[in-house]
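Below: the structure, in structure tokens.
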Amino acid sequence: MQDAITAVINASDVQGQYLDGSAMDKLKNYFKSGELRVRAATTISANASTIVKEAVAKSLLYTDVTRPGGNMYTTRRYAACIRDMDYFLRYATYAMLAGDPSILDERVLNGLKETYNSLGVPIGTLVKAVQAMKEVTASLVGADAGKEMGVYFDYICSGLS
Ligand SMILES: CCC1=C(C)/C(=C/C2=NC(=C\c3[nH]c(/C=C4\NC(=O)[C@H](C)[C@H]4CC)c(C)c3CCC(=O)O)/C(CCC(=O)O)=C2C)NC1=O
């Protein structure tokens, strides 16, 4: 897993250089946003189950996926879907804190598309649910932190498409 600091340091190290001006600017912006990131993560972790519930209500409940024949039908599959949504929220929050998406590649996206395809999990519908979670999260943490979380929700969606 990488974060905003190791990303900048690694890029300089490959060149055998001290951090240049643009590397320092990246670090400064990251440090400046530190409090915003920690505050957002605190709010999200205190409200995680509500965020998931609202996102599911907005995007999945009473649609074809929850009816007989749908991928969320039966409580076992419904529970697996809710659990997946919670994984996405938790890992997007980690990535937002780190300021880097690499944790999503390593621990969430690696092999996920193949798993979903083999289980018939509808990816288009899942992407809509993650987008709904992006909106619910933004309304809770505010526009600036919401935008930052949005980067990682979008990263998950494009990693599955
Ligand atoms: C921490 C990283 C991580 C992720 C991301 C993860 C995802 C994940 N979701 C799975 C299943 C599943 N995922 C869903 C999800 C959905 N179905 C829908 O129609 C909705 C659109 C959607 C919810 C938004 C469902 C229903 C299953 C069970 C499918 C089945 O067994 O038939 C499975 C197969 C094994 C299992 O059932 O547990 C994995 C590995 N596991 C992990 O360890």
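Lettering and numbering for the structure tokens are positional, with chains as A, B, ... in the shown order, residues counted from 1 in each chain, and ligands counted from 1 in the shown order.
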Can you tell me which residues come within 7 Å of ligand 1 when counting only C-alpha atoms and all ligand atoms, ideally as a VMD selection string? chain A and resid 65 70 to 72 77 to 78 80 to 82 84 to 85 87 to 88 107 to 109 112 115 to 116 119 121 to 123 125 to 126 129
Near stretch 3-16 of chain A, counting only C-alpha atoms, which residues have an atom at most 6 Å away, once you skip same-chain residues fewer than 3 positions from it, shown as an NGL selection string? :A and (19 or 98-100)
At what distance in Å, to one decimal, does atom CA of A:Glu135 lie from atom CA of A:Lys147?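 Between atom CA of A:Lys147 and atom CA of A:Glu135 the gap is 9.6 Å.
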Could you give me the residues within chain A that DSSP places in helix (DSSP H, G or I), as a compact mmCIF listing (two decimals) with N, CA, C and O atoms, in the first residue's frame?
```
# COMPACT_ATOMS: atom_id res chain seq x y z
N ALA A 4 0.15 9.30 -0.04
CA ALA A 4 0.58 10.49 -0.76
C ALA A 4 2.06 10.80 -0.49
O ALA A 4 2.77 11.28 -1.38
N ILE A 5 2.53 10.50 0.72
CA ILE A 5 3.92 10.82 1.06
C ILE A 5 4.88 9.84 0.39
O ILE A 5 5.84 10.24 -0.27
N THR A 6 4.63 8.54 0.55
CA THR A 6 5.54 7.57 -0.09
C THR A 6 5.50 7.69 -1.61
O THR A 6 6.53 7.49 -2.27
N ALA A 7 4.35 8.07 -2.18
CA ALA A 7 4.27 8.23 -3.63
C ALA A 7 5.25 9.31 -4.09
O ALA A 7 5.99 9.13 -5.07
N VAL A 8 5.26 10.43 -3.37
CA VAL A 8 6.15 11.54 -3.74
C VAL A 8 7.62 11.17 -3.49
O VAL A 8 8.49 11.42 -4.32
N ILE A 9 7.88 10.53 -2.37
CA ILE A 9 9.27 10.16 -2.05
C ILE A 9 9.79 9.12 -3.03
O ILE A 9 10.91 9.23 -3.54
N ASN A 10 8.97 8.11 -3.34
CA ASN A 10 9.42 7.09 -4.30
C ASN A 10 9.76 7.70 -5.65
O ASN A 10 10.77 7.34 -6.26
N ALA A 11 8.92 8.64 -6.10
CA ALA A 11 9.16 9.26 -7.41
C ALA A 11 10.48 10.02 -7.41
O ALA A 11 11.21 10.04 -8.42
N SER A 12 10.84 10.65 -6.29
CA SER A 12 12.11 11.37 -6.22
C SER A 12 13.28 10.38 -6.09
O SER A 12 14.33 10.57 -6.70
N ASP A 13 13.06 9.34 -5.32
CA ASP A 13 14.12 8.36 -5.08
C ASP A 13 14.56 7.67 -6.36
O ASP A 13 15.74 7.42 -6.56
N VAL A 14 13.58 7.33 -7.23
CA VAL A 14 13.95 6.67 -8.49
C VAL A 14 14.94 7.53 -9.27
O VAL A 14 15.75 7.01 -10.03
N GLY A 21 10.35 21.33 -6.29
CA GLY A 21 9.25 22.23 -5.94
C GLY A 21 7.88 21.61 -6.10
O GLY A 21 7.04 21.74 -5.20
N SER A 22 7.67 20.90 -7.19
CA SER A 22 6.32 20.37 -7.40
C SER A 22 6.05 19.22 -6.44
O SER A 22 4.91 19.02 -5.98
N ALA A 23 7.09 18.45 -6.10
CA ALA A 23 6.92 17.38 -5.10
C ALA A 23 6.57 17.99 -3.74
O ALA A 23 5.67 17.50 -3.04
N MET A 24 7.28 19.08 -3.38
CA MET A 24 6.99 19.76 -2.11
C MET A 24 5.56 20.31 -2.09
O MET A 24 4.89 20.25 -1.07
N ASP A 25 5.11 20.84 -3.25
CA ASP A 25 3.74 21.37 -3.31
C ASP A 25 2.72 20.27 -3.07
O ASP A 25 1.72 20.47 -2.38
N LYS A 26 2.98 19.09 -3.67
CA LYS A 26 2.06 17.97 -3.45
C LYS A 26 1.98 17.63 -1.97
O LYS A 26 0.91 17.39 -1.43
N LEU A 27 3.15 17.58 -1.32
CA LEU A 27 3.17 17.27 0.11
C LEU A 27 2.44 18.34 0.91
O LEU A 27 1.65 18.02 1.81
N LYS A 28 2.69 19.60 0.58
CA LYS A 28 2.04 20.70 1.31
C LYS A 28 0.52 20.59 1.21
O LYS A 28 -0.18 20.74 2.21
N ASN A 29 0.04 20.33 -0.01
CA ASN A 29 -1.42 20.21 -0.17
C ASN A 29 -1.98 19.04 0.64
O ASN A 29 -3.06 19.14 1.22
N TYR A 30 -1.21 17.96 0.66
CA TYR A 30 -1.67 16.80 1.43
C TYR A 30 -1.71 17.14 2.93
O TYR A 30 -2.71 16.87 3.60
N PHE A 31 -0.66 17.75 3.43
CA PHE A 31 -0.64 18.10 4.86
C PHE A 31 -1.75 19.10 5.20
O PHE A 31 -2.40 19.01 6.23
N LYS A 32 -1.95 20.05 4.29
CA LYS A 32 -2.97 21.07 4.52
C LYS A 32 -4.36 20.44 4.62
O LYS A 32 -5.23 20.93 5.34
N GLY A 34 -4.98 17.53 5.82
CA GLY A 34 -4.96 16.45 6.81
C GLY A 34 -6.13 16.46 7.76
O GLY A 34 -6.76 15.43 8.02
N GLU A 35 -6.46 17.67 8.27
CA GLU A 35 -7.53 17.74 9.25
C GLU A 35 -8.88 17.40 8.60
O GLU A 35 -9.71 16.70 9.19
N LEU A 36 -9.06 17.90 7.38
CA LEU A 36 -10.28 17.59 6.63
C LEU A 36 -10.45 16.08 6.47
O LEU A 36 -11.53 15.52 6.68
N ARG A 37 -9.35 15.41 6.13
CA ARG A 37 -9.41 13.96 5.91
C ARG A 37 -9.76 13.22 7.20
O ARG A 37 -10.60 12.31 7.22
N VAL A 38 -9.11 13.60 8.29
CA VAL A 38 -9.36 12.91 9.56
C VAL A 38 -10.79 13.17 10.04
O VAL A 38 -11.48 12.25 10.50
N ARG A 39 -11.24 14.41 9.88
CA ARG A 39 -12.60 14.73 10.30
C ARG A 39 -13.62 13.92 9.49
O ARG A 39 -14.58 13.36 10.03
N ALA A 40 -13.41 13.84 8.19
CA ALA A 40 -14.33 13.09 7.33
C ALA A 40 -14.34 11.61 7.72
O ALA A 40 -15.40 10.99 7.83
N ALA A 41 -13.15 11.05 7.96
CA ALA A 41 -13.08 9.63 8.32
C ALA A 41 -13.79 9.37 9.64
O ALA A 41 -14.45 8.33 9.80
N THR A 42 -13.69 10.29 10.56
CA THR A 42 -14.37 10.14 11.86
C THR A 42 -15.88 10.12 11.67
O THR A 42 -16.59 9.27 12.21
N THR A 43 -16.39 11.07 10.87
CA THR A 43 -17.82 11.13 10.61
C THR A 43 -18.31 9.88 9.88
O THR A 43 -19.35 9.31 10.22
N ILE A 44 -17.54 9.45 8.90
CA ILE A 44 -17.96 8.27 8.13
C ILE A 44 -17.99 7.03 9.03
O ILE A 44 -18.95 6.26 9.01
N SER A 45 -16.98 6.84 9.84
CA SER A 45 -16.97 5.62 10.65
C SER A 45 -18.08 5.63 11.69
O SER A 45 -18.63 4.59 12.01
N ALA A 46 -18.46 6.82 12.16
CA ALA A 46 -19.56 6.88 13.13
C ALA A 46 -20.93 6.66 12.47
O ALA A 46 -21.91 6.39 13.16
N ALA A 48 -21.34 4.73 9.40
CA ALA A 48 -21.17 3.82 8.27
C ALA A 48 -22.44 3.03 7.94
O ALA A 48 -22.85 2.95 6.78
N SER A 49 -23.10 2.47 8.96
CA SER A 49 -24.25 1.63 8.64
C SER A 49 -25.40 2.46 8.07
O SER A 49 -26.14 2.01 7.19
N THR A 50 -25.56 3.70 8.53
CA THR A 50 -26.59 4.58 7.97
C THR A 50 -26.28 4.93 6.52
O THR A 50 -27.18 4.96 5.67
N ILE A 51 -25.02 5.20 6.24
CA ILE A 51 -24.62 5.54 4.86
C ILE A 51 -24.96 4.38 3.92
O ILE A 51 -25.57 4.56 2.88
N VAL A 52 -24.58 3.17 4.34
CA VAL A 52 -24.85 1.99 3.50
C VAL A 52 -26.36 1.81 3.32
O VAL A 52 -26.85 1.60 2.21
N LYS A 53 -27.09 1.92 4.43
CA LYS A 53 -28.54 1.70 4.37
C LYS A 53 -29.20 2.71 3.42
O LYS A 53 -30.03 2.35 2.60
N GLU A 54 -28.81 3.98 3.53
CA GLU A 54 -29.42 5.00 2.66
C GLU A 54 -29.05 4.80 1.20
O GLU A 54 -29.87 5.01 0.31
N ALA A 55 -27.81 4.41 0.98
CA ALA A 55 -27.38 4.19 -0.41
C ALA A 55 -28.15 3.02 -1.03
O ALA A 55 -28.58 3.09 -2.18
N VAL A 56 -28.34 1.98 -0.25
CA VAL A 56 -29.09 0.81 -0.73
C VAL A 56 -30.55 1.21 -0.98
O VAL A 56 -31.14 0.85 -2.00
N ALA A 57 -31.13 1.98 -0.06
CA ALA A 57 -32.53 2.40 -0.21
C ALA A 57 -32.69 3.25 -1.48
O ALA A 57 -33.68 3.14 -2.20
N LYS A 58 -31.72 4.10 -1.74
CA LYS A 58 -31.79 5.00 -2.90
C LYS A 58 -31.64 4.28 -4.23
O LYS A 58 -32.18 4.72 -5.23
N SER A 59 -30.85 3.20 -4.23
CA SER A 59 -30.46 2.65 -5.53
C SER A 59 -30.92 1.22 -5.80
O SER A 59 -31.05 0.83 -6.96
N ASP A 64 -35.45 -4.61 -9.59
CA ASP A 64 -35.42 -6.00 -10.05
C ASP A 64 -34.39 -6.86 -9.31
O ASP A 64 -34.61 -8.06 -9.14
N VAL A 65 -33.27 -6.28 -8.88
CA VAL A 65 -32.26 -7.13 -8.22
C VAL A 65 -32.75 -7.72 -6.91
O VAL A 65 -32.24 -8.74 -6.48
N THR A 66 -33.72 -7.06 -6.26
CA THR A 66 -34.19 -7.59 -4.97
C THR A 66 -35.39 -8.54 -5.13
O THR A 66 -35.84 -9.13 -4.16
N THR A 75 -32.01 -13.79 1.44
CA THR A 75 -31.34 -12.98 2.45
C THR A 75 -29.83 -13.19 2.44
O THR A 75 -29.07 -12.27 2.75
N ARG A 76 -29.38 -14.39 2.05
CA ARG A 76 -27.93 -14.62 2.00
C ARG A 76 -27.28 -13.66 1.01
O ARG A 76 -26.28 -13.02 1.30
N ARG A 77 -27.87 -13.56 -0.17
CA ARG A 77 -27.27 -12.69 -1.18
C ARG A 77 -27.47 -11.21 -0.85
O ARG A 77 -26.60 -10.38 -1.10
N TYR A 78 -28.62 -10.90 -0.28
CA TYR A 78 -28.87 -9.52 0.16
C TYR A 78 -27.77 -9.11 1.16
O TYR A 78 -27.17 -8.04 1.04
N ALA A 79 -27.50 -9.98 2.11
CA ALA A 79 -26.47 -9.68 3.12
C ALA A 79 -25.09 -9.54 2.49
O ALA A 79 -24.30 -8.68 2.89
N ALA A 80 -24.78 -10.39 1.48
CA ALA A 80 -23.48 -10.29 0.81
C ALA A 80 -23.34 -8.94 0.12
O ALA A 80 -22.26 -8.33 0.12
N CYS A 81 -24.44 -8.45 -0.46
CA CYS A 81 -24.40 -7.17 -1.16
C CYS A 81 -24.16 -6.02 -0.17
O CYS A 81 -23.31 -5.16 -0.42
N ILE A 82 -24.91 -6.03 0.93
CA ILE A 82 -24.72 -4.99 1.96
C ILE A 82 -23.28 -5.02 2.48
O ILE A 82 -22.64 -3.98 2.67
N ARG A 83 -22.78 -6.21 2.69
CA ARG A 83 -21.40 -6.35 3.16
C ARG A 83 -20.41 -5.78 2.15
O ARG A 83 -19.47 -5.07 2.52
N ASP A 84 -20.64 -6.05 0.86
CA ASP A 84 -19.76 -5.48 -0.17
C ASP A 84 -19.79 -3.95 -0.13
O ASP A 84 -18.76 -3.29 -0.26
N MET A 85 -20.99 -3.39 0.04
CA MET A 85 -21.11 -1.92 0.10
C MET A 85 -20.29 -1.39 1.28
O MET A 85 -19.63 -0.35 1.18
N ASP A 86 -20.35 -2.09 2.40
CA ASP A 86 -19.58 -1.66 3.57
C ASP A 86 -18.07 -1.77 3.31
O ASP A 86 -17.30 -0.90 3.72
N TYR A 87 -17.64 -2.82 2.59
CA TYR A 87 -16.23 -2.91 2.19
C TYR A 87 -15.82 -1.70 1.37
O TYR A 87 -14.76 -1.11 1.58
N PHE A 88 -16.67 -1.34 0.40
CA PHE A 88 -16.32 -0.22 -0.48
C PHE A 88 -16.19 1.07 0.32
O PHE A 88 -15.27 1.86 0.11
N LEU A 89 -17.12 1.27 1.24
CA LEU A 89 -17.08 2.49 2.05
C LEU A 89 -15.82 2.52 2.92
O LEU A 89 -15.12 3.52 3.00
N ARG A 90 -15.54 1.40 3.55
CA ARG A 90 -14.38 1.36 4.47
C ARG A 90 -13.07 1.54 3.70
O ARG A 90 -12.22 2.34 4.10
N TYR A 91 -12.92 0.83 2.58
CA TYR A 91 -11.66 0.96 1.83
C TYR A 91 -11.53 2.31 1.14
O TYR A 91 -10.42 2.85 1.03
N ALA A 92 -12.65 2.90 0.69
CA ALA A 92 -12.57 4.25 0.11
C ALA A 92 -12.13 5.23 1.20
O ALA A 92 -11.37 6.17 0.93
N THR A 93 -12.58 5.01 2.43
CA THR A 93 -12.18 5.89 3.53
C THR A 93 -10.69 5.74 3.82
O THR A 93 -9.98 6.74 4.03
N TYR A 94 -10.18 4.51 3.83
CA TYR A 94 -8.73 4.31 4.01
C TYR A 94 -7.95 5.04 2.91
O TYR A 94 -6.95 5.72 3.19
N ALA A 95 -8.40 4.87 1.66
CA ALA A 95 -7.68 5.48 0.53
C ALA A 95 -7.71 7.00 0.64
O ALA A 95 -6.71 7.68 0.35
N MET A 96 -8.86 7.54 1.06
CA MET A 96 -8.99 8.99 1.23
C MET A 96 -8.02 9.48 2.30
O MET A 96 -7.36 10.51 2.14
N LEU A 97 -7.90 8.73 3.41
CA LEU A 97 -6.95 9.11 4.46
C LEU A 97 -5.52 9.07 3.92
O LEU A 97 -4.71 9.95 4.22
N ALA A 98 -5.21 8.04 3.14
CA ALA A 98 -3.86 7.87 2.59
C ALA A 98 -3.59 8.86 1.46
O ALA A 98 -2.43 9.13 1.13
N SER A 102 -3.88 3.12 -4.05
CA SER A 102 -3.25 1.80 -4.24
C SER A 102 -3.87 0.71 -3.35
O SER A 102 -3.93 -0.45 -3.74
N ILE A 103 -4.35 1.09 -2.17
CA ILE A 103 -4.96 0.08 -1.30
C ILE A 103 -6.20 -0.53 -1.95
O ILE A 103 -6.52 -1.71 -1.72
N LEU A 104 -6.87 0.24 -2.79
CA LEU A 104 -8.05 -0.28 -3.48
C LEU A 104 -7.65 -1.33 -4.52
O LEU A 104 -8.32 -2.35 -4.66
N ASP A 105 -6.57 -1.06 -5.24
CA ASP A 105 -6.09 -2.04 -6.21
C ASP A 105 -5.73 -3.34 -5.51
O ASP A 105 -6.10 -4.43 -5.94
N GLU A 106 -4.98 -3.20 -4.42
CA GLU A 106 -4.42 -4.39 -3.78
C GLU A 106 -5.46 -5.21 -3.02
O GLU A 106 -5.41 -6.44 -3.05
N ARG A 107 -6.37 -4.54 -2.30
CA ARG A 107 -7.23 -5.29 -1.39
C ARG A 107 -8.68 -5.39 -1.81
O ARG A 107 -9.43 -6.17 -1.23
N VAL A 108 -9.10 -4.60 -2.79
CA VAL A 108 -10.51 -4.65 -3.19
C VAL A 108 -10.68 -5.07 -4.65
O VAL A 108 -11.42 -6.01 -4.95
N LEU A 109 -9.99 -4.41 -5.56
CA LEU A 109 -10.28 -4.59 -6.98
C LEU A 109 -9.61 -5.81 -7.59
O LEU A 109 -10.08 -6.34 -8.60
N LEU A 112 -11.77 -8.80 -8.51
CA LEU A 112 -13.18 -8.62 -8.14
C LEU A 112 -14.12 -8.70 -9.34
O LEU A 112 -15.19 -9.31 -9.26
N LYS A 113 -13.72 -8.08 -10.44
CA LYS A 113 -14.59 -8.10 -11.63
C LYS A 113 -14.86 -9.54 -12.06
O LYS A 113 -15.99 -9.92 -12.37
N GLU A 114 -13.80 -10.35 -12.04
CA GLU A 114 -13.94 -11.76 -12.44
C GLU A 114 -14.88 -12.49 -11.48
O GLU A 114 -15.72 -13.29 -11.89
N THR A 115 -14.71 -12.21 -10.18
CA THR A 115 -15.59 -12.84 -9.18
C THR A 115 -17.04 -12.47 -9.44
O THR A 115 -17.92 -13.33 -9.46
N TYR A 116 -17.29 -11.17 -9.65
CA TYR A 116 -18.65 -10.70 -9.90
C TYR A 116 -19.22 -11.33 -11.17
O TYR A 116 -20.36 -11.76 -11.20
N ASN A 117 -18.41 -11.39 -12.21
CA ASN A 117 -18.91 -11.97 -13.45
C ASN A 117 -19.27 -13.43 -13.26
O ASN A 117 -20.31 -13.90 -13.74
N SER A 118 -18.45 -14.15 -12.52
CA SER A 118 -18.75 -15.58 -12.38
C SER A 118 -19.95 -15.81 -11.46
O SER A 118 -20.60 -16.84 -11.57
N LEU A 119 -20.26 -14.86 -10.57
CA LEU A 119 -21.42 -15.03 -9.69
C LEU A 119 -22.67 -14.33 -10.22
O LEU A 119 -23.72 -14.35 -9.58
N ILE A 123 -22.77 -5.67 -12.60
CA ILE A 123 -21.80 -4.61 -12.30
C ILE A 123 -22.38 -3.21 -12.55
O ILE A 123 -22.15 -2.29 -11.76
N GLY A 124 -23.20 -3.07 -13.59
CA GLY A 124 -23.82 -1.76 -13.85
C GLY A 124 -24.68 -1.31 -12.66
O GLY A 124 -24.64 -0.15 -12.24
N THR A 125 -25.44 -2.25 -12.11
CA THR A 125 -26.28 -1.94 -10.95
C THR A 125 -25.43 -1.62 -9.73
O THR A 125 -25.72 -0.71 -8.97
N LEU A 126 -24.35 -2.39 -9.58
CA LEU A 126 -23.45 -2.17 -8.45
C LEU A 126 -22.80 -0.78 -8.54
O LEU A 126 -22.69 -0.08 -7.54
N VAL A 127 -22.42 -0.39 -9.74
CA VAL A 127 -21.81 0.94 -9.93
C VAL A 127 -22.81 2.04 -9.54
O VAL A 127 -22.45 3.01 -8.88
N LYS A 128 -24.09 1.84 -9.90
CA LYS A 128 -25.11 2.83 -9.51
C LYS A 128 -25.21 2.92 -7.99
O LYS A 128 -25.40 4.01 -7.43
N ALA A 129 -25.10 1.78 -7.31
CA ALA A 129 -25.18 1.77 -5.85
C ALA A 129 -23.99 2.49 -5.24
O ALA A 129 -24.13 3.23 -4.26
N VAL A 130 -22.81 2.31 -5.81
CA VAL A 130 -21.61 3.00 -5.30
C VAL A 130 -21.75 4.51 -5.55
O VAL A 130 -21.38 5.33 -4.71
N GLN A 131 -22.33 4.88 -6.69
CA GLN A 131 -22.54 6.31 -6.97
C GLN A 131 -23.56 6.90 -5.99
O GLN A 131 -23.41 8.04 -5.55
N ALA A 132 -24.57 6.12 -5.63
CA ALA A 132 -25.54 6.59 -4.63
C ALA A 132 -24.84 6.77 -3.29
O ALA A 132 -25.09 7.75 -2.55
N MET A 133 -23.91 5.87 -2.98
CA MET A 133 -23.18 5.98 -1.71
C MET A 133 -22.27 7.22 -1.72
O MET A 133 -22.07 7.87 -0.69
N LYS A 134 -21.75 7.55 -2.89
CA LYS A 134 -20.94 8.76 -3.03
C LYS A 134 -21.77 9.99 -2.67
O LYS A 134 -21.32 10.87 -1.93
N GLU A 135 -23.01 10.04 -3.18
CA GLU A 135 -23.88 11.19 -2.88
C GLU A 135 -24.26 11.25 -1.41
O GLU A 135 -24.22 12.32 -0.80
N VAL A 136 -24.63 10.11 -0.85
CA VAL A 136 -25.02 10.08 0.56
C VAL A 136 -23.85 10.52 1.44
O VAL A 136 -24.02 11.31 2.38
N THR A 137 -22.65 10.04 1.11
CA THR A 137 -21.46 10.39 1.90
C THR A 137 -21.18 11.88 1.81
O THR A 137 -20.92 12.54 2.82
N ALA A 138 -21.26 12.43 0.59
CA ALA A 138 -20.98 13.86 0.40
C ALA A 138 -21.97 14.71 1.20
O ALA A 138 -21.59 15.73 1.79
N SER A 139 -23.24 14.28 1.24
CA SER A 139 -24.22 15.09 1.96
C SER A 139 -23.93 15.07 3.46
O SER A 139 -24.31 15.97 4.19
N LEU A 140 -23.24 14.06 3.90
CA LEU A 140 -22.92 13.94 5.33
C LEU A 140 -21.63 14.67 5.71
O LEU A 140 -21.56 15.32 6.75
N VAL A 141 -20.60 14.57 4.89
CA VAL A 141 -19.29 15.12 5.27
C VAL A 141 -19.03 16.51 4.69
O VAL A 141 -18.04 17.15 5.03
N ALA A 143 -19.08 19.29 1.09
CA ALA A 143 -18.65 19.27 -0.31
C ALA A 143 -17.17 18.94 -0.49
O ALA A 143 -16.82 18.13 -1.35
N ASP A 144 -16.30 19.57 0.29
CA ASP A 144 -14.85 19.37 0.07
C ASP A 144 -14.43 17.93 0.35
O ASP A 144 -13.78 17.29 -0.48
N ALA A 145 -14.79 17.43 1.52
CA ALA A 145 -14.44 16.05 1.86
C ALA A 145 -15.20 15.09 0.96
O ALA A 145 -14.68 14.03 0.57
N GLY A 146 -16.43 15.46 0.59
CA GLY A 146 -17.23 14.62 -0.29
C GLY A 146 -16.57 14.46 -1.65
O GLY A 146 -16.58 13.37 -2.24
N LYS A 147 -15.97 15.53 -2.13
CA LYS A 147 -15.28 15.48 -3.42
C LYS A 147 -14.08 14.54 -3.33
O LYS A 147 -13.81 13.75 -4.23
N GLU A 148 -13.37 14.64 -2.23
CA GLU A 148 -12.18 13.79 -2.04
C GLU A 148 -12.59 12.31 -1.94
O GLU A 148 -11.96 11.45 -2.55
N MET A 149 -13.66 12.02 -1.18
CA MET A 149 -14.15 10.63 -1.12
C MET A 149 -14.61 10.17 -2.50
O MET A 149 -14.43 9.00 -2.88
N GLY A 150 -15.20 11.10 -3.26
CA GLY A 150 -15.70 10.78 -4.59
C GLY A 150 -14.62 10.24 -5.51
O GLY A 150 -14.87 9.36 -6.34
N VAL A 151 -13.40 10.74 -5.34
CA VAL A 151 -12.27 10.27 -6.15
C VAL A 151 -12.13 8.75 -6.01
O VAL A 151 -11.93 8.03 -6.99
N TYR A 152 -12.28 8.26 -4.77
CA TYR A 152 -12.03 6.84 -4.51
C TYR A 152 -13.25 5.98 -4.82
O TYR A 152 -13.10 4.83 -5.26
N PHE A 153 -14.46 6.52 -4.62
CA PHE A 153 -15.65 5.78 -5.08
C PHE A 153 -15.59 5.62 -6.60
O PHE A 153 -15.89 4.55 -7.13
N ASP A 154 -15.23 6.70 -7.29
CA ASP A 154 -15.13 6.63 -8.76
C ASP A 154 -14.04 5.64 -9.18
O ASP A 154 -14.16 4.95 -10.19
N TYR A 155 -12.96 5.61 -8.41
CA TYR A 155 -11.86 4.69 -8.72
C TYR A 155 -12.35 3.24 -8.67
O TYR A 155 -12.01 2.42 -9.53
N ILE A 156 -13.16 2.93 -7.66
CA ILE A 156 -13.73 1.58 -7.55
C ILE A 156 -14.60 1.28 -8.77
O ILE A 156 -14.48 0.23 -9.39
N CYS A 157 -15.45 2.25 -9.13
CA CYS A 157 -16.36 2.04 -10.28
C CYS A 157 -15.57 1.83 -11.56
O CYS A 157 -15.88 0.92 -12.34
N SER A 158 -14.55 2.67 -11.80
CA SER A 158 -13.85 2.48 -13.09
C SER A 158 -13.00 1.22 -13.05
O SER A 158 -12.77 0.61 -14.10
N GLY A 159 -12.57 0.78 -11.87
CA GLY A 159 -11.83 -0.47 -11.77
C GLY A 159 -12.69 -1.69 -12.07
O GLY A 159 -12.16 -2.77 -12.35
N LEU A 160 -14.00 -1.53 -11.99
CA LEU A 160 -14.90 -2.66 -12.25
C LEU A 160 -15.48 -2.64 -13.66
O LEU A 160 -16.04 -3.62 -14.12
```
What is the atom CA of A:Ser161-atom CA of A:Tyr73 distance in Å, reported with one decimal? 23.2 Å
